[in-house]
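Visitor: Compact mmCIF, C-alpha atoms, saved as run.txt, coming up:
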# COMPACT_ATOMS: atom_id res chain seq x y z
CA MET A 60 159.11 -68.27 143.44
CA THR A 61 157.84 -71.70 144.50
CA ALA A 62 156.30 -73.11 141.36
CA PRO A 63 158.03 -76.31 140.14
CA ALA A 64 159.82 -76.55 136.82
CA ALA A 65 156.89 -78.43 135.33
CA ALA A 66 154.66 -75.48 136.09
CA PHE A 67 157.12 -73.16 134.38
CA ASP A 68 157.14 -75.34 131.28
CA LYS A 69 153.37 -75.45 131.29
CA ALA A 70 153.19 -71.68 131.60
CA LEU A 71 155.60 -71.15 128.73
CA ALA A 72 153.83 -73.71 126.58
CA LEU A 73 150.62 -71.69 126.92
CA ILE A 74 152.39 -68.83 125.19
CA THR A 75 154.54 -70.54 122.59
CA ARG A 76 151.61 -72.47 121.14
CA VAL A 77 150.17 -69.18 119.87
CA ARG A 78 150.89 -68.79 116.19
CA GLY A 79 153.53 -66.15 115.55
CA VAL A 80 155.22 -66.45 118.95
CA ARG A 81 158.95 -67.14 118.51
CA GLY A 82 159.66 -67.77 122.13
CA ALA A 83 158.74 -67.19 125.73
CA MET A 84 160.69 -66.63 128.93
CA LEU A 85 160.22 -66.24 132.63
CA VAL A 86 162.52 -63.55 133.96
CA ALA A 87 163.31 -62.34 137.45
CA ALA A 88 162.18 -58.70 137.35
CA GLU A 89 164.69 -57.54 139.90
CA ASP A 90 167.90 -58.64 138.19
CA GLY A 91 166.83 -59.65 134.68
CA ILE A 92 168.00 -63.24 135.07
CA VAL A 93 166.29 -65.91 132.97
CA VAL A 94 164.30 -68.34 135.13
CA ALA A 95 162.96 -70.51 132.33
CA GLU A 96 162.80 -70.23 128.56
CA GLN A 97 161.40 -71.76 125.42
CA LEU A 98 163.03 -69.78 122.63
CA MET A 99 163.59 -70.35 118.96
CA GLU A 100 167.20 -70.61 117.90
CA GLY A 101 168.96 -67.29 117.49
CA ILE A 102 167.16 -65.36 120.20
CA LYS A 103 169.64 -64.14 122.81
CA GLY A 104 167.64 -64.96 125.92
CA PRO A 105 169.90 -63.53 128.65
CA ALA A 106 170.39 -60.21 126.88
CA VAL A 107 166.72 -59.83 126.02
CA SER A 108 165.69 -60.70 129.56
CA ALA A 109 168.03 -58.08 131.01
CA LEU A 110 166.66 -55.37 128.73
CA ALA A 111 163.07 -56.46 129.34
CA ALA A 112 163.63 -56.16 133.08
CA SER A 113 165.24 -52.76 132.71
CA LEU A 114 162.45 -51.47 130.49
CA THR A 115 159.87 -52.82 132.92
CA ALA A 116 161.50 -50.95 135.80
CA ARG A 117 161.63 -47.67 133.86
CA LEU A 118 158.04 -48.05 132.77
CA ARG A 119 156.86 -48.88 136.27
CA ARG A 120 158.42 -45.74 137.70
CA ALA A 121 157.09 -43.55 134.90
CA MET A 122 153.60 -45.00 135.09
CA GLU A 123 153.44 -44.65 138.84
CA ALA A 124 154.60 -41.03 138.51
CA ALA A 125 151.90 -40.47 135.88
CA GLY A 126 149.30 -41.82 138.29
CA VAL A 127 148.18 -44.76 136.17
CA GLY A 128 149.41 -47.37 138.62
CA ALA A 129 151.59 -50.39 138.10
CA SER A 130 152.04 -51.90 134.67
CA LEU A 131 149.89 -54.98 134.03
CA PHE A 132 151.03 -55.61 130.48
CA TRP A 133 153.31 -53.92 127.99
CA HIS A 134 153.98 -54.40 124.33
CA LEU A 135 157.04 -53.14 122.48
CA GLN A 136 156.23 -52.93 118.78
CA ALA A 137 158.90 -53.00 116.08
CA GLU A 138 159.01 -53.22 112.30
CA GLN A 139 159.70 -56.92 112.27
CA GLY A 140 158.31 -58.19 115.53
CA ALA A 141 157.30 -57.48 119.07
CA LEU A 142 158.17 -58.06 122.67
CA LEU A 143 155.26 -58.57 125.06
CA VAL A 144 155.57 -58.65 128.83
CA VAL A 145 153.32 -59.29 131.83
CA PRO A 146 154.85 -58.62 135.27
CA THR A 147 153.53 -60.83 138.05
CA PRO A 148 152.92 -59.60 141.60
CA ALA A 149 155.64 -61.95 142.85
CA GLY A 150 158.32 -60.26 140.76
CA THR A 151 158.52 -62.46 137.68
CA LEU A 152 158.19 -61.21 134.13
CA VAL A 153 156.40 -63.39 131.63
CA VAL A 154 157.92 -62.46 128.28
CA ALA A 155 157.04 -63.34 124.70
CA VAL A 156 158.94 -62.59 121.51
CA ALA A 157 156.62 -62.55 118.52
CA GLU A 158 156.29 -61.96 114.80
CA PRO A 159 154.88 -58.56 113.75
CA ASP A 160 151.52 -59.98 112.66
CA VAL A 161 150.90 -61.96 115.83
CA ASN A 162 147.49 -61.80 117.47
CA VAL A 163 148.46 -59.43 120.29
CA GLY A 164 145.19 -59.89 122.14
CA LEU A 165 145.63 -63.64 122.23
CA VAL A 166 149.25 -63.45 123.35
CA ARG A 167 148.22 -61.01 126.08
CA LEU A 168 145.61 -63.45 127.36
CA GLU A 169 148.08 -66.34 127.38
CA LEU A 170 150.70 -64.21 129.13
CA LEU A 171 148.16 -63.35 131.82
CA ARG A 172 147.21 -67.02 132.18
CA ALA A 173 150.85 -67.99 132.40
CA ALA A 174 151.38 -65.28 135.02
CA GLU A 175 148.64 -66.89 137.13
CA VAL A 176 150.37 -70.25 136.83
CA VAL A 177 153.74 -68.80 137.78
CA GLY A 178 152.35 -66.66 140.54
CA MET B 18 112.57 -24.84 110.58
CA PRO B 19 110.50 -27.12 112.84
CA ASP B 20 108.32 -28.05 109.87
CA GLU B 21 111.33 -28.89 107.82
CA ILE B 22 112.74 -30.99 110.64
CA LYS B 23 109.45 -32.83 110.87
CA THR B 24 109.35 -33.39 107.12
CA LEU B 25 112.93 -34.58 106.95
CA SER B 26 112.43 -36.87 109.94
CA SER B 27 109.46 -38.41 108.22
CA GLN B 28 111.42 -38.88 105.00
CA LEU B 29 114.26 -40.50 106.88
CA ALA B 30 111.90 -42.83 108.70
CA GLN B 31 110.46 -43.95 105.37
CA ASP B 32 113.85 -44.33 103.74
CA PRO B 33 116.64 -44.85 106.32
CA ASP B 34 119.23 -44.97 103.53
CA SER B 35 118.28 -41.50 102.34
CA LEU B 36 120.84 -38.71 102.47
CA VAL B 37 118.33 -36.36 104.06
CA PHE B 38 120.02 -37.17 107.35
CA LEU B 39 122.69 -34.65 106.35
CA ARG B 40 120.23 -31.77 106.19
CA LEU B 41 118.27 -33.04 109.18
CA GLY B 42 121.37 -33.39 111.33
CA GLU B 43 122.56 -29.92 110.41
CA LEU B 44 119.17 -28.36 111.16
CA LEU B 45 119.01 -30.09 114.54
CA ARG B 46 122.54 -28.92 115.29
CA GLN B 47 121.70 -25.35 114.39
CA LYS B 48 118.62 -25.58 116.56
CA GLY B 49 120.77 -26.66 119.50
CA GLN B 50 119.38 -30.19 119.66
CA VAL B 51 122.88 -31.57 119.64
CA ASP B 52 122.15 -34.96 121.18
CA ILE B 53 119.45 -35.75 118.63
CA ALA B 54 121.66 -34.41 115.86
CA HIS B 55 124.42 -36.67 117.17
CA ARG B 56 122.18 -39.73 116.88
CA VAL B 57 121.02 -38.79 113.40
CA ALA B 58 124.56 -38.17 112.19
CA LEU B 59 125.93 -41.35 113.71
CA THR B 60 123.18 -43.49 112.22
CA GLY B 61 123.75 -41.84 108.86
CA LEU B 62 127.47 -42.37 109.13
CA GLU B 63 126.97 -46.05 109.88
CA ARG B 64 124.96 -46.36 106.68
CA HIS B 65 127.28 -44.15 104.61
CA PRO B 66 130.77 -44.61 106.08
CA HIS B 67 132.48 -43.45 102.88
CA LEU B 68 130.52 -40.23 102.53
CA PRO B 69 132.75 -37.27 103.42
CA ASP B 70 129.75 -35.04 104.16
CA ALA B 71 128.62 -37.54 106.78
CA HIS B 72 132.00 -37.33 108.54
CA ASP B 73 131.88 -33.55 108.22
CA LEU B 74 128.45 -33.35 109.81
CA TYR B 75 129.44 -35.70 112.61
CA ALA B 76 132.61 -33.69 113.23
CA ARG B 77 130.68 -30.43 113.54
CA ILE B 78 128.37 -32.00 116.09
CA LEU B 79 131.33 -33.38 118.03
CA ALA B 80 132.91 -29.93 117.95
CA ASP B 81 129.67 -28.50 119.35
CA LYS B 82 129.98 -31.03 122.16
CA HIS B 83 133.60 -29.94 122.69
CA ASP B 84 134.85 -33.41 121.76
CA TYR B 85 137.61 -31.91 119.67
CA GLU B 86 139.77 -34.99 119.49
CA ARG B 87 137.09 -37.05 117.79
CA ALA B 88 136.04 -34.08 115.69
CA PHE B 89 139.62 -33.91 114.46
CA ASP B 90 139.46 -37.62 113.59
CA GLU B 91 136.23 -37.20 111.66
CA TRP B 92 137.39 -34.17 109.68
CA ASP B 93 140.64 -35.94 109.03
CA MET B 94 138.69 -38.93 107.73
CA ALA B 95 136.59 -36.69 105.50
CA LEU B 96 139.79 -35.32 103.99
CA ARG B 97 141.18 -38.79 103.42
CA ILE B 98 138.07 -39.58 101.40
CA ALA B 99 137.86 -36.16 99.72
CA PRO B 100 141.12 -34.19 100.04
CA ASP B 101 139.48 -30.96 98.86
CA HIS B 102 136.47 -31.13 101.17
CA VAL B 103 135.94 -27.50 102.09
CA GLY B 104 133.92 -28.20 105.23
CA ALA B 105 136.59 -30.52 106.61
CA LEU B 106 139.39 -28.08 105.75
CA LYS B 107 137.53 -25.30 107.53
CA GLY B 108 136.78 -27.56 110.47
CA LEU B 109 140.42 -28.51 110.91
CA ALA B 110 141.38 -24.86 110.52
CA PHE B 111 139.03 -24.10 113.39
CA LEU B 112 140.62 -26.77 115.58
CA TYR B 113 144.14 -25.63 114.78
CA PHE B 114 143.17 -22.07 115.51
CA LYS B 115 141.54 -23.14 118.72
CA VAL B 116 144.81 -24.51 120.06
CA GLY B 117 146.71 -21.50 118.82
CA ASP B 118 148.35 -22.91 115.70
CA VAL B 119 147.56 -20.01 113.42
CA GLN B 120 149.97 -21.24 110.74
CA GLN B 121 148.21 -24.58 110.40
CA ALA B 122 144.84 -22.88 110.53
CA ALA B 123 145.84 -20.56 107.71
CA ALA B 124 147.32 -23.45 105.70
CA HIS B 125 144.03 -25.33 105.88
CA LEU B 126 142.06 -22.23 104.98
CA GLU B 127 144.35 -21.61 102.02
CA ALA B 128 143.65 -25.17 100.87
CA ALA B 129 139.94 -24.50 101.32
CA GLN B 130 140.27 -21.33 99.27
CA ARG B 131 142.00 -23.23 96.48
CA ALA B 132 139.11 -25.70 96.50
CA ALA B 133 136.43 -23.01 96.73
CA PRO B 134 137.94 -19.74 95.44
CA THR B 135 134.62 -17.91 95.41
CA ASP B 136 133.66 -18.82 98.98
CA PRO B 137 133.49 -15.49 100.81
CA GLY B 138 133.45 -17.21 104.21
CA VAL B 139 136.80 -18.86 103.57
CA ALA B 140 138.35 -15.61 102.37
CA GLN B 141 137.04 -13.78 105.42
CA ALA B 142 138.29 -16.44 107.83
CA LEU B 143 141.66 -16.50 106.10
CA ALA B 144 141.96 -12.76 106.43
CA MET B 145 141.14 -13.06 110.11
CA ALA B 146 143.62 -15.88 110.63
CA ARG B 147 146.29 -13.72 109.03
CA GLY B 148 145.32 -10.88 111.30
CA GLU B 149 144.03 -8.78 108.42
CA GLY B 150 140.36 -8.74 109.29
CA PRO B 151 138.27 -7.35 112.12
CA GLY B 152 139.31 -8.78 115.46
CA GLY B 153 142.80 -9.50 114.08
CA GLY B 154 144.44 -12.83 114.64
CA GLY B 155 141.21 -14.63 113.80
CA ALA B 156 139.61 -14.17 117.20
CA ASP B 157 136.20 -14.29 115.57
CA MET B 158 136.78 -17.57 113.82
CA SER B 159 134.22 -20.11 114.93
CA ALA B 160 133.40 -23.78 114.77
CA GLY B 161 131.15 -25.29 112.21
CA GLY B 162 132.92 -26.03 108.98
CA ARG B 163 129.67 -25.76 107.07
CA GLY B 164 129.91 -24.17 103.65
CA THR B 165 130.12 -20.41 103.54
CA GLU B 166 128.43 -19.85 106.87
CA ALA B 167 130.88 -21.92 108.86
CA LEU B 168 133.39 -19.28 109.76
CA THR B 169 130.97 -16.46 110.26
CA GLU B 170 128.75 -18.09 112.84
CA PRO B 171 128.54 -16.19 116.10
CA GLU B 172 130.20 -18.75 118.38
CA PRO B 173 133.57 -17.29 119.34
CA ILE B 174 136.58 -19.35 120.30
CA ALA B 175 139.40 -18.51 122.60
CA PRO B 176 141.70 -15.95 121.10
CA ALA B 177 145.26 -17.10 120.80
CA ALA B 178 147.31 -14.37 119.27
CA GLN B 179 150.40 -15.61 121.11
CA PRO B 180 150.06 -19.38 121.09
CA LEU B 181 152.14 -21.37 123.51
CA GLU B 182 154.80 -23.58 121.98
CA GLU B 183 153.48 -26.50 124.01
CA ALA B 184 150.06 -26.20 122.46
CA ARG B 185 151.48 -25.85 118.99
CA VAL B 186 153.13 -29.26 119.10
CA PHE B 187 149.84 -31.05 119.51
CA ALA B 188 147.64 -28.65 117.59
CA GLY B 189 144.12 -29.95 117.25
CA LEU B 190 144.61 -32.83 119.65
CA GLU B 191 142.69 -33.15 122.88
CA GLY B 192 144.72 -33.58 126.04
CA ALA B 193 147.62 -31.46 124.79
CA GLN B 194 148.12 -30.01 128.25
CA GLU B 195 147.27 -33.01 130.38
CA GLY B 196 147.88 -36.25 128.52
CA LEU B 197 150.47 -35.67 125.81
CA LEU B 198 154.17 -35.18 126.27
CA LEU B 199 157.05 -34.76 123.84
CA LEU B 200 160.57 -35.26 125.14
CA ASP B 201 164.04 -35.07 123.69
CA ALA B 202 166.56 -37.85 124.17
CA SER B 203 167.67 -36.38 127.49
CA GLY B 204 164.20 -36.32 128.95
CA ARG B 205 163.73 -32.59 128.49
CA VAL B 206 160.19 -31.52 127.73
CA LEU B 207 159.67 -30.18 124.21
CA GLY B 208 155.93 -29.82 124.40
CA GLY B 209 152.68 -30.90 126.00
CA ALA B 210 152.08 -31.59 129.65
CA LEU B 211 150.88 -34.34 131.92
CA LYS B 212 148.56 -34.34 134.89
CA ASP B 213 147.82 -37.26 137.16
CA PRO B 214 144.22 -38.29 137.97
CA ALA B 215 144.24 -35.87 140.92
CA GLY B 216 145.06 -32.99 138.59
CA ARG B 217 148.64 -32.52 139.76
CA ASN B 218 151.20 -31.60 137.14
CA VAL B 219 153.57 -34.56 136.89
CA THR B 220 155.27 -33.56 133.67
CA ASP B 221 158.80 -33.24 134.97
CA ALA B 222 158.74 -36.39 137.10
CA VAL B 223 157.46 -38.56 134.28
CA ALA B 224 159.86 -36.97 131.82
CA ALA B 225 162.78 -37.76 134.08
CA TYR B 226 161.77 -41.39 134.44
CA LEU B 227 161.28 -41.80 130.71
CA ALA B 228 164.72 -40.47 129.81
CA GLY B 229 166.58 -43.25 128.07
CA VAL B 230 163.54 -45.40 127.36
CA SER B 231 163.82 -44.62 123.67
CA GLN B 232 167.43 -45.78 123.49
CA GLU B 233 166.67 -48.84 125.57
CA ALA B 234 163.73 -49.81 123.40
CA ALA B 235 165.96 -49.37 120.35
CA ARG B 236 168.66 -51.57 121.90
CA THR B 237 166.14 -54.27 122.73
CA VAL B 238 164.63 -54.54 119.26
CA LYS B 239 168.08 -54.36 117.68
CA LEU B 240 169.20 -57.27 119.80
CA LEU B 241 166.18 -59.22 118.67
CA GLY B 242 166.73 -58.24 115.03
CA LEU B 243 163.32 -56.63 114.81
CA GLY B 244 164.26 -53.44 112.96
CA LYS B 245 163.21 -50.08 114.37
CA TRP B 246 160.83 -49.83 117.31
CA THR B 247 157.57 -48.14 116.43
CA GLY B 248 155.70 -48.00 119.71
CA LEU B 249 155.38 -49.19 123.25
CA ALA B 250 151.92 -49.67 124.70
CA ALA B 251 151.43 -50.34 128.39
CA GLU B 252 148.36 -51.17 130.37
CA GLY B 253 148.25 -49.83 133.93
CA GLU B 254 145.94 -50.42 136.86
CA LEU B 255 144.32 -47.00 136.43
CA GLY B 256 145.23 -45.98 132.91
CA HIS B 257 147.00 -46.74 129.68
CA VAL B 258 150.11 -45.22 128.18
CA HIS B 259 151.56 -45.30 124.71
CA LEU B 260 155.09 -44.30 123.78
CA ALA B 261 156.20 -43.60 120.24
CA PRO B 262 159.39 -42.28 118.64
CA PRO B 263 158.35 -39.42 116.33
CA SER B 264 162.04 -39.12 115.46
CA SER B 265 165.22 -40.97 116.37
CA ASP B 266 165.98 -38.56 119.21
CA ALA B 267 162.53 -37.74 120.56
CA LEU B 268 159.92 -39.60 122.54
CA LEU B 269 156.19 -39.08 122.61
CA LEU B 270 154.05 -40.16 125.55
CA VAL B 271 150.27 -40.39 125.48
CA VAL B 272 148.36 -41.15 128.68
CA ARG B 273 144.66 -41.85 128.99
CA ASP B 274 142.44 -43.49 131.59
CA ARG B 275 141.40 -47.12 131.26
CA ALA B 276 138.15 -46.18 129.55
CA VAL B 277 140.16 -45.52 126.40
CA PRO B 278 140.92 -48.89 124.78
CA MET B 279 144.53 -49.63 123.89
CA GLY B 280 143.73 -49.73 120.18
CA ARG B 281 142.19 -46.30 120.23
CA LEU B 282 145.10 -45.03 122.28
CA ALA B 283 147.42 -46.26 119.53
CA ILE B 284 145.45 -44.23 116.98
CA ILE B 285 145.62 -41.14 119.20
CA ALA B 286 149.35 -41.71 119.56
CA GLN B 287 149.79 -42.01 115.80
CA ARG B 288 148.10 -38.66 115.28
CA ALA B 289 150.10 -37.05 118.05
CA ALA B 290 153.31 -38.51 116.63
CA LEU B 291 152.48 -37.03 113.25
CA ALA B 292 151.90 -33.62 114.82
CA ALA B 293 155.12 -33.96 116.81
CA ARG B 294 157.09 -34.97 113.72
CA ARG B 295 155.83 -31.91 111.85
CA TRP B 296 156.70 -29.71 114.78
CA LEU B 297 160.18 -31.22 115.13
CA GLU B 298 160.86 -30.78 111.42
CA ALA B 299 159.68 -27.19 111.54
CA HIS B 300 161.92 -26.46 114.51
CA ALA B 301 164.97 -28.42 113.32
Please render this file's structure as structure tokens.

Guide:
Amino acid sequence: MTAPAAAFDKALALITRVRGVRGAMLVAAEDGIVVAEQLMEGIKGPAVSALAASLTARLRRAMEAAGVGASLFWHLQAEQGALLVVPTPAGTLVVAVAEPDVNVGLVRLELLRAAEVVG
Amino acid sequence: MPDEIKTLSSQLAQDPDSLVFLRLGELLRQKGQVDIAHRVALTGLERHPHLPDAHDLYARILADKHDYERAFDEWDMALRIAPDHVGALKGLAFLYFKVGDVQQAAAHLEAAQRAAPTDPGVAQALAMARGEGPGGGGADMSAGGRGTEALTEPEPIAPAAQPLEEARVFAGLEGAQEGLLLLDASGRVLGGALKDPAGRNVTDAVAAYLAGVSQEAARTVKLLGLGKWTGLAAEGELGHVHLAPPSSDALLLVVRDRAVPMGRLAIIAQRAALAARRWLEAHA
């Protein structure tokens, strides 16, 4: 990853400005380590990033086995919120934690834009 | 019949809000002009979205076109609007029977009989579904769901006297053997099957990779304080997948190509999860 810290902040700001987003992170897909984060208080970034990376890896293998190719975006829905993730080709995960009534389509677009910034 | 079609077409042209589209669509369907019937029904449905007969008509046309998944949706919608709609009950019975779920087929026909106790077509179909009538096991049951004639029309469906367990899980749902999969917590297949775009059976491989996803999803949302997880939708380069937990120790996977939007996939997954939940409860 070669993007400077300012670019990371810019990428995360794209996501966190969406209403209903409680935080955003950049995570190394390979080991689940947090690269950068803008999270609301109370969100356990390192633990969430590790699980997001693990889920991404499981999904990738399952989706490739199913013949639908690599995952471009995934969205874990829960009763009181959601986790949304875009993996980048360079091995970074762009992650958002959101309220349940968030505009998923808008968050998806901003995650994809942020993924372009991060590379 | 052609004269009647002409007359009804003329009436509909003069008054597009008229309900004659119901009769016109049915006549066109019976005449085998399914594409025109489809257009008539769809236009009518757009003007009368809360009319159960419009959903029923559209469902019958979709069934004629072998689009059983959408037919199921339409008959289901008709029943949401009118829970005793005989045509919709018979239509769903047909779809359940078609995938080999004789119990569900009979249950829907029994509901139809309660709603229309004097309908000889329902009684006859019910007898067939119970294996009491000619061609036992309901092998003569046919599509249509139209009043008393629905179950006595000549179009036969595949007999299924010994339905496969896999098909029973996703009764009435399209893709039960190529795009729907139900797993237990250990990744063992409970029902359905999965094929990749090349037609290869990838059920076991995908099941193995998905083992543990349910628990991991649950851990993640617990850590975030988000309550229970309700679904996981993923967009792939060549297709979309949707995972749902029909119970705490089971996992449902729905796979479709990219032509199916994610929102529609979620609806398909909801229906499949409902079917899976029923099946799990029945086999608990």

Visitor: Would you work out the distance separating CA of Arg78 in chain A from CA of Asp160 in chain A, expressed in Å to one decimal?

Guide: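 Pair CA of Arg78 in chain A / CA of Asp160 in chain A returns 9.5 Å.
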
Visitor: In the coordinate frame of the file, compute which residues have an atom within 8 Å of (141.9, -17.3, 108.1) when using only C-alpha atoms, and state them as a ChimeraX atom specification.

Guide: /B:110,122-123,126-127,139-148,155,158

Visitor: Would you please work out which residue, of A:Arg81, A:Arg172, A:Lys69, A:His134, is nearest to chain B when using only C-alpha atoms?

Guide: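 Of A:Arg81, A:Arg172, A:Lys69, A:His134, the one nearest chain B is A:His134, counting only C-alpha atoms.
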
Visitor: If you take all atoms listed in the file and a cut-off of 10 Å, which residues of chain B touch chain A, and what are their nearest atom pairs and distances in Å to one decimal, in chain and number order, as a Markdown table?

Guide:
| residue | atom | partner | partner_atom | distance |
| --- | --- | --- | --- | --- |
| B:Gly196 | CA | A:Ala125 | CA | 9.4 |
| B:Leu211 | CA | A:Ala125 | CA | 7.4 |
| B:Lys212 | CA | A:Ala125 | CA | 7.1 |
| B:Asp213 | CA | A:Gly126 | CA | 4.9 |
| B:Pro214 | CA | A:Gly126 | CA | 6.2 |
| B:Ala215 | CA | A:Gly126 | CA | 8.2 |
| B:Gly216 | CA | A:Gly126 | CA | 9.8 |
| B:Arg217 | CA | A:Ala125 | CA | 9.4 |
| B:Asn218 | CA | A:Ala125 | CA | 9.0 |
| B:Val219 | CA | A:Ala125 | CA | 6.2 |
| B:Thr220 | CA | A:Ala125 | CA | 8.0 |
| B:Asp221 | CA | A:Ala124 | CA | 9.5 |
| B:Ala222 | CA | A:Ala124 | CA | 6.4 |
| B:Val223 | CA | A:Ala121 | CA | 5.0 |
| B:Ala224 | CA | A:Ala121 | CA | 7.8 |
| B:Ala225 | CA | A:Ala121 | CA | 8.2 |
| B:Tyr226 | CA | A:Ala121 | CA | 5.2 |
| B:Leu227 | CA | A:Ala121 | CA | 6.2 |
| B:Ala228 | CA | A:Arg117 | CA | 8.8 |
| B:Gly229 | CA | A:Arg117 | CA | 8.8 |
| B:Val230 | CA | A:Leu114 | CA | 6.9 |
| B:Ser231 | CA | A:Leu114 | CA | 9.8 |
| B:Glu233 | CA | A:Leu114 | CA | 7.0 |
| B:Ala234 | CA | A:Leu114 | CA | 7.4 |
| B:Ala235 | CA | A:Ala137 | CA | 9.0 |
| B:Arg236 | CA | A:Leu110 | CA | 8.1 |
| B:Thr237 | CA | A:Leu110 | CA | 6.1 |
| B:Val238 | CA | A:Ala137 | CA | 6.7 |
| B:Lys239 | CA | A:Ala137 | CA | 9.4 |
| B:Leu240 | CA | A:Val107 | CA | 7.2 |
| B:Leu241 | CA | A:Ile102 | CA | 6.4 |
| B:Gly242 | CA | A:Gln139 | CA | 7.7 |
| B:Leu243 | CA | A:Gln139 | CA | 4.4 |
| B:Gly244 | CA | A:Glu138 | CA | 5.3 |
| B:Lys245 | CA | A:Ala137 | CA | 5.5 |
| B:Trp246 | CA | A:Ala137 | CA | 3.9 |
| B:Thr247 | CA | A:Ala137 | CA | 5.1 |
| B:Gly248 | CA | A:Gln136 | CA | 5.0 |
| B:Leu249 | CA | A:Leu135 | CA | 4.4 |
| B:Ala250 | CA | A:His134 | CA | 5.2 |
| B:Ala251 | CA | A:Trp133 | CA | 4.1 |
| B:Glu252 | CA | A:Phe132 | CA | 5.2 |
| B:Gly253 | CA | A:Ser130 | CA | 4.4 |
| B:Glu254 | CA | A:Gly128 | CA | 4.9 |
| B:Leu255 | CA | A:Val127 | CA | 4.5 |
| B:Gly256 | CA | A:Val127 | CA | 4.6 |
| B:His257 | CA | A:Val127 | CA | 6.9 |
| B:Val258 | CA | A:Met122 | CA | 7.7 |
| B:His259 | CA | A:Trp133 | CA | 9.4 |
| B:Leu260 | CA | A:Leu135 | CA | 9.1 |
| B:Ala261 | CA | A:Gln136 | CA | 9.4 |
| B:Val272 | CA | A:Ala125 | CA | 8.1 |
| B:Arg273 | CA | A:Val127 | CA | 8.5 |
| B:Asp274 | CA | A:Val127 | CA | 7.5 |
| B:Arg275 | CA | A:Val127 | CA | 8.7 |

Visitor: For each of A:Ala149, A:Leu171, A:Val161, A:Val177, take the minimum atom-to-atom distance to Ala95 in chain A, counting all atoms listed in the file, then give the residue where this is smallest.

Guide: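 For Ala95 in chain A, the nearest of the candidates is A:Val177.
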
Visitor: Given only C-alpha atoms as the basis, pick out the residue of A:Leu98, A:Leu85, A:Leu170, A:Leu165 nearest to Gly150 in chain A.

Guide: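 Result for the nearest residue to Gly150 in chain A: A:Leu85.
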
Visitor: Excluding Arg77 in chain B and any residue of its chain fewer than 2 positions from it, enumerate the residues within 12 Å of it, using only C-alpha atoms, and give them as a compact mmCIF listing (two decimals) with C-alpha atoms, keeping the file's coordinate frame.

Guide:
# COMPACT_ATOMS: atom_id res chain seq x y z
CA LEU B 39 122.69 -34.65 106.35
CA GLY B 42 121.37 -33.39 111.33
CA GLU B 43 122.56 -29.92 110.41
CA LEU B 44 119.17 -28.36 111.16
CA LEU B 45 119.01 -30.09 114.54
CA ARG B 46 122.54 -28.92 115.29
CA GLN B 47 121.70 -25.35 114.39
CA VAL B 51 122.88 -31.57 119.64
CA ALA B 54 121.66 -34.41 115.86
CA HIS B 55 124.42 -36.67 117.17
CA ALA B 58 124.56 -38.17 112.19
CA LEU B 59 125.93 -41.35 113.71
CA ASP B 70 129.75 -35.04 104.16
CA ALA B 71 128.62 -37.54 106.78
CA HIS B 72 132.00 -37.33 108.54
CA ASP B 73 131.88 -33.55 108.22
CA LEU B 74 128.45 -33.35 109.81
CA TYR B 75 129.44 -35.70 112.61
CA LEU B 79 131.33 -33.38 118.03
CA ALA B 80 132.91 -29.93 117.95
CA ASP B 81 129.67 -28.50 119.35
CA LYS B 82 129.98 -31.03 122.16
CA HIS B 83 133.60 -29.94 122.69
CA ASP B 84 134.85 -33.41 121.76
CA TYR B 85 137.61 -31.91 119.67
CA GLU B 86 139.77 -34.99 119.49
CA ARG B 87 137.09 -37.05 117.79
CA ALA B 88 136.04 -34.08 115.69
CA PHE B 89 139.62 -33.91 114.46
CA ASP B 90 139.46 -37.62 113.59
CA GLU B 91 136.23 -37.20 111.66
CA TRP B 92 137.39 -34.17 109.68
CA ALA B 95 136.59 -36.69 105.50
CA GLY B 104 133.92 -28.20 105.23
CA ALA B 105 136.59 -30.52 106.61
CA LEU B 106 139.39 -28.08 105.75
CA LYS B 107 137.53 -25.30 107.53
CA GLY B 108 136.78 -27.56 110.47
CA LEU B 109 140.42 -28.51 110.91
CA PHE B 111 139.03 -24.10 113.39
CA LEU B 112 140.62 -26.77 115.58
CA SER B 159 134.22 -20.11 114.93
CA ALA B 160 133.40 -23.78 114.77
CA GLY B 161 131.15 -25.29 112.21
CA GLY B 162 132.92 -26.03 108.98
CA ARG B 163 129.67 -25.76 107.07
CA GLY B 164 129.91 -24.17 103.65
CA ALA B 167 130.88 -21.92 108.86

Visitor: Quote the spacing between CA of Leu68 in chain B and CA of Ile98 in chain B in Å to one decimal place.

Guide: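 It comes out at 7.7 Å.
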
Visitor: Quick one: distance from CA of Pro69 in chain B to CA of Ala99 in chain B in Å, one decimal?

Guide: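 About the pair CA of Pro69 in chain B and CA of Ala99 in chain B: they are 6.4 Å apart.
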
Visitor: For Val166 in chain A, which residue among A:Ile92, A:Val80, A:Ala66, A:Ala72 is the nearest when counting all atoms listed in the file?

Guide: A:Val80

Visitor: Using all atoms listed in the file, pick whichever of B:Val103, B:Ala210, B:Ala30, B:Leu297 has the shortest atom-to-atom distance to Asp266 in chain B.

Guide: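 Counting all atoms listed in the file, the residue closest to Asp266 in chain B is B:Leu297.
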
Visitor: Assuming 8 Å of padding per side, give the centre and edge lengths of the axis-aligned box around every listed atom of range 157-166 of chain A, in Å to one decimal and as AutoDock Vina command-line options.

Guide:
--center_x 150.9 --center_y -61.1 --center_z 118.0 --size_x 27.4 --size_y 21.1 --size_z 26.7

Visitor: With a distance cut-off of 10 Å and only C-alpha atoms, select the neighbouring residues of Ser35 in chain B, excluding the residue or stretch itself and same-chain residues fewer than 3 positions from it, and output the selection as a ChimeraX atom specification.

Guide: /B:25,28-32,38-39,61,64-65
